[in-house]
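Asks: Sharing a structure with you now.
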Amino acid sequence: MQSTSIKKIYSNIDSIISGEKTRKSIKENIGNTLKDLVFYMPYKIISAYYCKAWNDLENKKKVLIKVRVNKHYFSFPRSNIPYRISVIFDNKTINLVFFSKYTGYLKSIYKEGEDITISGTLATYGKKFQILHPTVVDLNTINSETNTINTLFYRQKGGLKSSIIHKSILKTLPLIPEIEEWHSRFKERYPLMPSWKEALNNIHLGNENNILEDSSIHLLRLAYDEILANQLSLEIIRKSINKEKSNNYNKDSKNIISKFINCLEFNLTIDQRKNVEEIIKDLNFDNKMLRLLHGDVGSGKTIVALISALHVINSGYQVAFLAPTEILAIQHYNFVKKKFKQLNINVFLLTASIDNKKQIINKIKSEEKNLVIGTHALLQKNIIFKNLSYVIIDEQHRFGVNQRISIRNKGKKVDMLLMSATPIPRTMLLANLGDISVSTVKQKPFNTKVNTILKSDRNIKKVISFIKEKIKYGKVFWICPYIDSSTQENNSSSIEERYKILKSSFDEVGYLHGKLPIEEKNQVLKQFKDGKIKLLISTVVIEVGIDIPDANIIIIDHADRFGLAQTHQLRGRVGRGEKNGTCILLYKEPLSETAKERLIVIKNSYDGFELSEKDLIMRGGGEILGKNQYGYEDFIFFDISIHQDLLKMATLEATDILNNDPNLASDRGKKLIDLLYLFEKNKAIDFISAG
């Protein structure tokens with residue numbers, strides 16, 4: 001049951017934000033509720049010092065000065081000369097510089113002869129001071145104690161400027177309700193801990209220069225709120241799963257598994273055999289299984305999962321195999337259907353675009369002993385299984401907790417195997433999945449290697465010549481970070497531009513990206529497999545699961561734009577057959593030191609587990625846990641790369657809380673239910689309500 005305070009925090013912003021255009025934009029890009037706005041965090045704070053005399057000014061110093069507007073100097077629309085305004089400070093001239101096509105508004109803001117207070121960074125040009133794109137500020141907002149003004153910056157979305165976002169958030173701050181305190185252990189460690197409301201207020205008001213630093217008690221408090229809610233919900237779900245008994249798989253499956261293995265074109269590795277035994281042993285336990293099959297690129301996890309599926313199907317049950325994309329689901333289906341047909345096992349494919357959907361849905365509902373491979377389409381309410389007992393989720397990080405629960409609830413006593421193709425550090429596993437059993441596959445079926453080469457895009461002609469020679473004997477992937485050039489300042493790395501360039505040098509060229517209809521994607525992949533396309537220009541849509549054994553070269557365009565783990569995933573598309581692969585990391589100069597270090601690391605290491613740990617250190621948890629690239633839990637305050645001590649503390653505390661108060665029925669338990677609602681852990685609350 002939600003408290004009144006929680007209901008207030010989820011109240012609509014319609015009556016708070018004036019201006020229909022701003023309100024609509026906030027709703028579309030940030031959210032509809034008070035909570036959405038106050039949880040939208042600034043990403044940096046800049047402090048400017050109020051200078052009263054010329055001698056206070058320094059090059060590259062962020063300053064706050066009161067000036068008199070002297071004169072506007074107009075620029076011609078087609079020239080590269082910026083718009084300038086000269087202002088007078090302490091009887092000397094400073095130029096304000098604006099690089100913009102639209103400068104008409106500046107006349108109304110900077111009126112000649114009037115005094116105005118501005119903030120910006122000083123720079124020298126021709127031995128004179130200038131300020132590029134200054135900000136007009138209210139003199140009343142200056143901190144009288146420090147003689148500074150702090151400016152908060154929010155990531156701009158959908159045309160919403162940082163200043164508009166901040167003003168909107170400031171309107172909501174007085175409406176934030178007081179919520180009864182739920183912390184105990186955190187308060188013991190941090191006696192000066194602010195309340196939840198104080199922490200949010202202080203961050204958005206930006207009164208302290210260090211308010212966004214890692215050591216900020218305000219951020220630490222909110223980070224612990226978030227990770228405690230996360231760990232508490234995972235512990236609740238895990239306990240509910242462990243309470244339930246598993247179905248009985250008592251039929252001996254050795255014979256059918258041997259037949260399947262004999263159908264394969266390769267031998268299982270020792271690692272694969274070990275993991276098969278481990279998973280089947282777990283499936284045979286009385287309690288329901290929740291296990292992660294964790295492995296590097298090309299380690300053969302899918303085969304392990306399919307063999308475990310045979311063990312369940314052999315006892316007369318259904319198995320659901322959930323894949324994140326239609327391309328991957330179709331590839332799994334095409335691989336397994338002939339092999340399972342020899343074993344008299346039906347395999348069904350269900351995706352959003354298949355033609356015979358109604359017929360497949362009826363078969364899933366009426367037939368026993370089958371494997372159903374599908375995408376998110378399997379999660380729809382109208383999909384009813386006859387006797388689902390085992391769920392395998394490929395690329396588990398692409399599916400949220402609620403989706404995992406949704407598919408599990410389509411059967412009775414359902415066991416679950418989660419697979420992760422991107423190796424994740426143990427700390428990240430813990431943060432996302434809680435305390436579950438983990439099987440790890442490290443050994444790969446093939447002993448082929450991938451040679452990684454770094455090349456500046458200045459050498460693009462040499463790279464093309466290299467491909468011309470090698471394409472006679474195999475196929476080539478060319479990966480681009482963008483689809484088209486419409487929104488990119490440097491458009492050479494888009495599919496659109498690369499296709500134009502490469503089409504003039506190669507005949508059998510195709511392209512693939514996420515916006516193509518699924519029928520067209522499948523057609524392109526088929527042509528690539530059949531050799532009608534020899535050079536495939538693609539986005540990262542091929543990152544997961546695409547298996548073309550005779551594609552042995554991959555060029556990753558603007559490789560400095562990708563993280564280590566993702567680059568390693570892409571590199572894993574080649575060297576999957578009998579021949580060694582080549583990965584060319586094409587980068588644009590000049591490189592930052594961080595980008596240079598990242599490319600050297602990926603060149604020298606082929607261990608996905610090692611790379612993912614380094615990715616965590618180099619890029620930080622914020623990016624690795626972001627939805628855009630990896631799809632993991634989208635934390636707002638908590639950062640795995642800097643808050644590992646909070647993670648450990650929250651994990652221990654969540655266990656202690658539920659051991660002492662399993663239904664959260666105590667006074668503190670009711671406050672913790674508010675915490676779960678605050679971070680939208682509703683499924684965990686449903687489990688508590690259901691006992």
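Naming works like this for the structure tokens: A, B, ... for the chains as they're shown, residue 1 at the start of each chain, ligands 1 onward in shown order.
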Can you list every residue in segment 273-476 of chain A that DSSP puts in helix (DSSP H, G or I), as a PyMOL selection string?
Replies: chain A and resi 273-283+301-313+326-341+357-366+376-379+396-398+401-408+426-433+457-470
Asks: For each of A:Thr269, A:Asn402, A:Asn284, A:Asn262, take the minimum atom-to-atom distance to Gln443 of chain A, counting only C-alpha atoms, then give the residue where this is smallest.
Replies: A:Thr269
Asks: Compare A:Lys27, A:Arg398, A:His643, A:Lys410 by their minimum atom-to-atom distance to Asn382 of chain A, counting only C-alpha atoms, and give me the closest one.
Replies: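 So, comparing all the options, the nearest one is A:Lys410.
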Asks: Counting only C-alpha atoms, what is within 10 Å of Glu112 of chain A, bar same-chain residues fewer than 6 positions away, as a PDB file with C-alpha atoms, in the first residue's frame?
Replies:
ATOM      1  CA  ARG A  68      28.049  47.935 -19.801  1.00  0.00           C
ATOM      2  CA  VAL A  69      27.032  47.013 -23.346  1.00  0.00           C
ATOM      3  CA  ASN A  70      28.973  49.195 -25.791  1.00  0.00           C
ATOM      4  CA  LYS A  71      28.399  48.143 -29.418  1.00  0.00           C
ATOM      5  CA  HIS A  72      27.129  45.291 -31.637  1.00  0.00           C
ATOM      6  CA  ILE A  85      29.412  42.582 -28.893  1.00  0.00           C
ATOM      7  CA  SER A  86      31.898  44.870 -27.167  1.00  0.00           C
ATOM      8  CA  VAL A  87      31.267  45.519 -23.480  1.00  0.00           C
TER       9      VAL A  87
END
Asks: Please determine, counting only C-alpha atoms, which residue among A:Lys588, A:Arg189, A:Lys442, A:Lys339 has the shortest atom-to-atom distance to Ile460 of chain A.
Replies: A:Lys588
Asks: Neighbours of Thr148 of chain A within 7 Å (only C-alpha atoms; same-chain residues fewer than 2 positions away dropped), as a PDB file with C-alpha atoms, in the first residue's frame?
Replies:
ATOM      1  CA  SER A  47      31.394  27.882 -10.212  1.00  0.00           C
ATOM      2  CA  ALA A  48      32.090  31.444 -11.398  1.00  0.00           C
ATOM      3  CA  TYR A  49      33.880  34.048  -9.253  1.00  0.00           C
ATOM      4  CA  TYR A  50      32.444  37.573  -9.055  1.00  0.00           C
ATOM      5  CA  ILE A 142      25.344  35.253  -6.090  1.00  0.00           C
ATOM      6  CA  ASN A 143      26.465  33.516  -2.897  1.00  0.00           C
ATOM      7  CA  THR A 146      31.882  32.825  -1.330  1.00  0.00           C
ATOM      8  CA  ASN A 150      27.120  28.054  -9.278  1.00  0.00           C
TER       9      ASN A 150
END
